[in-house]
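> Structure file work.txt, compact mmCIF, C-alpha atoms, is pasted below:
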# COMPACT_ATOMS: atom_id res chain seq x y z
CA MET S 21 -31.68 -6.60 6.00
CA SER S 22 -32.39 -7.67 2.44
CA GLU S 23 -29.49 -6.09 0.54
CA LEU S 24 -25.99 -5.32 1.70
CA PRO S 25 -24.34 -2.05 0.68
CA ALA S 26 -21.56 -1.99 -1.88
CA LEU S 27 -18.11 -2.01 -0.32
CA PRO S 28 -16.23 -0.03 0.77
CA VAL S 29 -18.63 1.65 3.18
CA THR S 30 -17.71 4.17 5.89
CA PHE S 31 -19.66 4.62 9.09
CA ARG S 32 -19.10 7.83 11.06
CA PRO S 33 -21.18 9.98 13.42
CA GLY S 34 -22.04 12.78 11.00
CA HIS S 35 -23.82 15.20 13.34
CA THR S 36 -21.21 14.83 16.05
CA ARG S 37 -18.42 15.35 13.51
CA VAL S 38 -19.97 18.57 12.19
CA ILE S 39 -20.52 19.91 15.70
CA LEU S 40 -16.95 19.12 16.83
CA LEU S 41 -15.28 20.60 13.76
CA THR S 42 -17.50 23.70 13.80
CA ALA S 43 -16.79 24.22 17.50
CA GLY S 44 -13.06 23.76 16.86
CA VAL S 45 -13.00 26.40 14.14
CA ALA S 46 -15.12 28.80 16.21
CA ILE S 47 -12.92 28.39 19.29
CA PHE S 48 -9.75 28.89 17.24
CA LEU S 49 -11.19 32.05 15.66
CA VAL S 50 -12.38 33.49 18.98
CA ILE S 51 -9.06 32.84 20.73
CA SER S 52 -7.13 34.23 17.75
CA GLY S 53 -9.41 37.28 17.65
CA VAL S 54 -8.87 37.93 21.34
CA ALA S 55 -5.11 37.68 20.78
CA MET S 56 -5.33 40.29 18.04
CA LEU S 57 -7.49 42.67 20.10
CA LEU S 58 -5.38 42.61 23.25
CA ASP S 59 -2.18 44.59 23.60
CA LEU S 60 0.17 41.60 23.72
CA GLY S 61 3.74 40.93 22.80
CA PRO S 62 4.55 38.53 19.96
CA GLY S 63 5.24 35.61 22.32
CA GLU S 64 2.01 36.07 24.23
CA ARG S 65 0.04 36.45 21.01
CA ALA S 66 1.65 33.27 19.64
CA SER S 67 0.66 31.39 22.80
CA PHE S 68 -3.00 32.32 22.14
CA PHE S 69 -2.74 31.01 18.56
CA VAL S 70 -1.05 27.81 19.72
CA THR S 71 -3.71 27.27 22.39
CA GLY S 72 -6.49 27.74 19.84
CA ALA S 73 -4.74 25.37 17.43
CA LEU S 74 -4.34 22.72 20.16
CA ILE S 75 -8.02 22.93 21.06
CA PHE S 76 -8.95 22.61 17.38
CA TRP S 77 -6.58 19.61 17.03
CA ALA S 78 -8.11 17.88 20.08
CA LEU S 79 -11.64 18.34 18.72
CA ALA S 80 -10.51 17.15 15.26
CA GLN S 81 -9.13 13.98 16.88
CA LEU S 82 -12.53 13.37 18.46
CA ALA S 83 -14.19 13.98 15.07
CA ARG S 84 -11.97 11.53 13.12
CA VAL S 85 -13.60 8.37 14.48
CA LYS S 86 -14.97 6.01 11.83
CA VAL S 87 -15.45 2.40 10.85
CA VAL S 88 -14.55 1.46 7.28
CA ALA S 89 -15.69 -1.89 5.89
CA ASP S 90 -14.15 -3.18 2.67
CA GLU S 91 -13.71 -6.52 0.90
CA ALA S 92 -10.83 -7.61 3.14
CA GLY S 93 -12.19 -6.54 6.52
CA VAL S 94 -12.88 -3.62 8.81
CA THR S 95 -10.72 -0.69 9.88
CA VAL S 96 -11.71 0.90 13.19
CA VAL S 97 -10.38 4.42 13.71
CA ASN S 98 -10.91 5.61 17.28
CA ILE S 99 -9.65 8.76 19.00
CA ALA S 100 -6.06 7.64 19.56
CA SER S 101 -5.86 4.33 17.71
CA LYS S 102 -6.48 2.61 14.40
CA ARG S 103 -6.95 -1.14 14.06
CA ARG S 104 -7.39 -3.30 10.99
CA LEU S 105 -9.47 -6.47 11.39
CA ALA S 106 -10.12 -9.34 9.01
CA TRP S 107 -13.80 -10.26 8.73
CA ALA S 108 -13.16 -13.60 10.46
CA GLU S 109 -11.78 -11.80 13.54
CA ILE S 110 -15.17 -10.19 14.27
CA LEU S 111 -17.48 -12.59 16.05
CA GLN S 112 -20.23 -10.19 17.03
CA VAL S 113 -21.34 -6.58 16.52
CA ASN S 114 -23.13 -5.20 19.60
CA LEU S 115 -25.08 -2.01 20.22
CA ARG S 116 -27.14 -2.57 23.34
CA PRO S 117 -29.50 -0.01 24.89
CA GLY S 118 -27.40 2.47 26.85
CA ASP S 119 -24.14 1.68 25.02
CA PRO S 120 -22.29 4.84 23.98
CA TRP S 121 -21.08 3.15 20.75
CA VAL S 122 -20.79 -0.21 19.01
CA PHE S 123 -18.59 -2.91 20.50
CA LEU S 124 -16.98 -5.62 18.37
CA ASN S 125 -16.43 -8.97 20.08
CA LEU S 126 -13.27 -10.42 18.59
CA SER S 127 -11.96 -13.93 18.09
CA ASP S 128 -9.06 -13.29 20.51
CA GLY S 129 -11.56 -12.90 23.37
CA THR S 130 -11.39 -9.12 23.55
CA SER S 131 -13.94 -6.45 22.78
CA LEU S 132 -13.08 -3.41 20.64
CA PRO S 133 -15.09 -0.20 20.89
CA ALA S 134 -15.98 1.19 17.46
CA LEU S 135 -16.65 4.87 18.09
CA GLY S 136 -17.58 5.44 14.46
CA ILE S 137 -21.08 4.13 15.20
CA GLN S 138 -22.57 5.93 18.19
CA PRO S 139 -26.21 6.66 18.98
CA GLY S 140 -25.63 10.04 20.65
CA LEU S 141 -27.33 12.50 18.27
CA ALA S 142 -28.67 10.13 15.60
CA ARG S 143 -29.90 7.02 17.38
CA GLN S 144 -31.88 5.51 14.49
CA ARG S 145 -28.98 5.96 12.09
CA ALA S 146 -26.59 4.32 14.58
CA ILE S 147 -28.95 1.37 14.97
CA ALA S 148 -29.22 1.01 11.18
CA ASP S 149 -25.42 1.28 10.79
CA ALA S 150 -24.87 -1.34 13.51
CA ARG S 151 -27.33 -3.68 11.78
CA THR S 152 -25.59 -3.12 8.44
CA LEU S 153 -22.16 -3.84 9.93
CA ARG S 154 -23.58 -6.94 11.67
CA ALA S 155 -25.07 -8.18 8.39
CA LEU S 156 -21.80 -7.54 6.53
CA THR S 157 -19.88 -9.39 9.25
CA GLU S 158 -22.23 -12.36 9.11
CA ALA S 159 -22.11 -12.47 5.30
CA ARG S 160 -18.31 -12.24 5.12
CA SER S 161 -17.34 -14.36 8.11
CA THR S 162 -15.53 -17.59 7.33
CA ALA S 163 -16.90 -19.28 10.46
CA PRO S 164 -19.57 -21.90 9.67
CA ALA S 165 -23.09 -20.86 10.64
CA GLY S 166 -24.23 -22.14 14.01
CA GLU S 167 -20.72 -22.82 15.30
CA ASP S 168 -20.21 -21.91 18.96
CA GLN S 169 -17.83 -18.94 18.88
CA GLY S 170 -18.05 -18.13 22.53
Go ahead and express the file in the form of structure tokens.


Amino acid sequence: MSELPALPVTFRPGHTRVILLTAGVAIFLVISGVAMLLDLGPGERASFFVTGALIFWALAQLARVKVVADEAGVTVVNIASKRRLAWAEILQVNLRPGDPWVFLNLSDGTSLPALGIQPGLARQRAIADARTLRALTEARSTAPAGEDQG
């Protein structure tokens, strides 16, 4: 990669996000419509609305995944967690064939899934995003080149 993008940069699965949010709205509207069409009491009708809202919320949680790279480091937002990493904490950015998303190998010996870059519906974009994040990590890492980080 010849030129790195200007920071901050956000990586997120765009197609997947659109599909999840659209499905969430559609499901909420259908369930709410059914509640309005049926002869239900106020409590039963409210339970339909709450169910539709919960389904929308669950799909919105799935759609919120992203990886944000800025001058100070990387923020990984997954389904139920958010983690801030300094550039030096990231030793390696991996997206191997068959992986459902990028994995970050960290300096503490753990691996962190980064669901914001996933090859599901846009494989070439995910590969390009993983390469960009890898290049940013290599450019911003404080570890000397060639040092064994294993």

> Near S:Pro28, within 10 Å and counting all atoms listed in the file, which residues show up once chain neighbours fewer than 5 positions away are dropped, as a PyMOL selection string?

chain S and resi 88-94

> Using all atoms listed in the file, can you tell me which of S:Asn114, S:Ala155, S:Pro120, S:Val50 comes closest to S:Ala142?

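Among S:Asn114, S:Ala155, S:Pro120, S:Val50, it is S:Pro120 that comes nearest to S:Ala142.
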
> Rounded to one decimal in Å, what is the spacing between atom CA of S:Ala108 and atom CA of S:Phe123?

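Separation between atom CA of S:Ala108 and atom CA of S:Phe123: 15.6 Å.
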
> May I ask which of the residues S:Val85, S:Ile47, S:Ile137, S:Val96 is the closest one to S:Ala73, counting only C-alpha atoms?

S:Ile47

> List every protein, DNA or RNA residue with an atom no more than 12 Å from (-4.3, 30.0, 24.4) in the file's coordinates, counting only C-alpha atoms, and format the result as a ChimeraX atom specification.

/S:47-55,63-76

> Pick out the closest residue to S:Gly44 from this set: S:Asp59, S:Pro25, S:Thr30, S:Leu79. Count all atoms listed in the file.

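Looking at the shortest contact to S:Gly44, the residue is S:Leu79.
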
> Pick from S:Ala150, S:Arg104, S:Glu109, S:Leu115: nearest to S:Thr130, with only C-alpha atoms counted?

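That would be S:Glu109, the residue with the smallest distance to S:Thr130.
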
> Hey, can you check how far atom CA of S:Ser127 sits from atom CA of S:Leu111?

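A separation of 6.0 Å between them.
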
> Atom CA of S:Leu156 and atom CA of S:Arg84, how far apart in Å?

22.4 Å

> Which one is closest to S:Ala159: S:Arg145, S:Pro117, S:Trp107, S:Arg32? Count only C-alpha atoms.

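Of S:Arg145, S:Pro117, S:Trp107, S:Arg32, the one nearest S:Ala159, counting only C-alpha atoms, is S:Trp107.
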
> Counting only C-alpha atoms, what is within 12 Å of S:Val122, bar same-chain residues fewer than 4 positions away, as a short mmCIF file (atom, residue, chain, number, x, y, z; two decimals) with C-alpha atoms, keeping the file's coordinate frame?


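File around_8.cif, as written:
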data_model
loop_
_atom_site.label_atom_id
_atom_site.label_comp_id
_atom_site.auth_asym_id
_atom_site.auth_seq_id
_atom_site.Cartn_x
_atom_site.Cartn_y
_atom_site.Cartn_z
CA PHE S 31 -19.66 4.62 9.09
CA ARG S 32 -19.10 7.83 11.06
CA PRO S 33 -21.18 9.98 13.42
CA LYS S 86 -14.97 6.01 11.83
CA VAL S 87 -15.45 2.40 10.85
CA VAL S 96 -11.71 0.90 13.19
CA ASN S 98 -10.91 5.61 17.28
CA GLN S 112 -20.23 -10.19 17.03
CA VAL S 113 -21.34 -6.58 16.52
CA ASN S 114 -23.13 -5.20 19.60
CA LEU S 115 -25.08 -2.01 20.22
CA ARG S 116 -27.14 -2.57 23.34
CA PRO S 117 -29.50 -0.01 24.89
CA GLY S 118 -27.40 2.47 26.85
CA SER S 131 -13.94 -6.45 22.78
CA LEU S 132 -13.08 -3.41 20.64
CA PRO S 133 -15.09 -0.20 20.89
CA ALA S 134 -15.98 1.19 17.46
CA LEU S 135 -16.65 4.87 18.09
CA GLY S 136 -17.58 5.44 14.46
CA ILE S 137 -21.08 4.13 15.20
CA GLN S 138 -22.57 5.93 18.19
CA PRO S 139 -26.21 6.66 18.98
CA GLY S 140 -25.63 10.04 20.65
CA ARG S 143 -29.90 7.02 17.38
CA ALA S 146 -26.59 4.32 14.58
CA ILE S 147 -28.95 1.37 14.97
CA ALA S 148 -29.22 1.01 11.18
CA ASP S 149 -25.42 1.28 10.79
CA ALA S 150 -24.87 -1.34 13.51
CA ARG S 151 -27.33 -3.68 11.78
CA THR S 152 -25.59 -3.12 8.44
CA LEU S 153 -22.16 -3.84 9.93
CA ARG S 154 -23.58 -6.94 11.67
#

> Quick one: residues within 6 Å of stretch 35-39 of chain S, all atoms listed in the file counted, chain neighbours fewer than 3 positions away excluded, as a VMD selection string?

chain S and resid 42 to 43 83
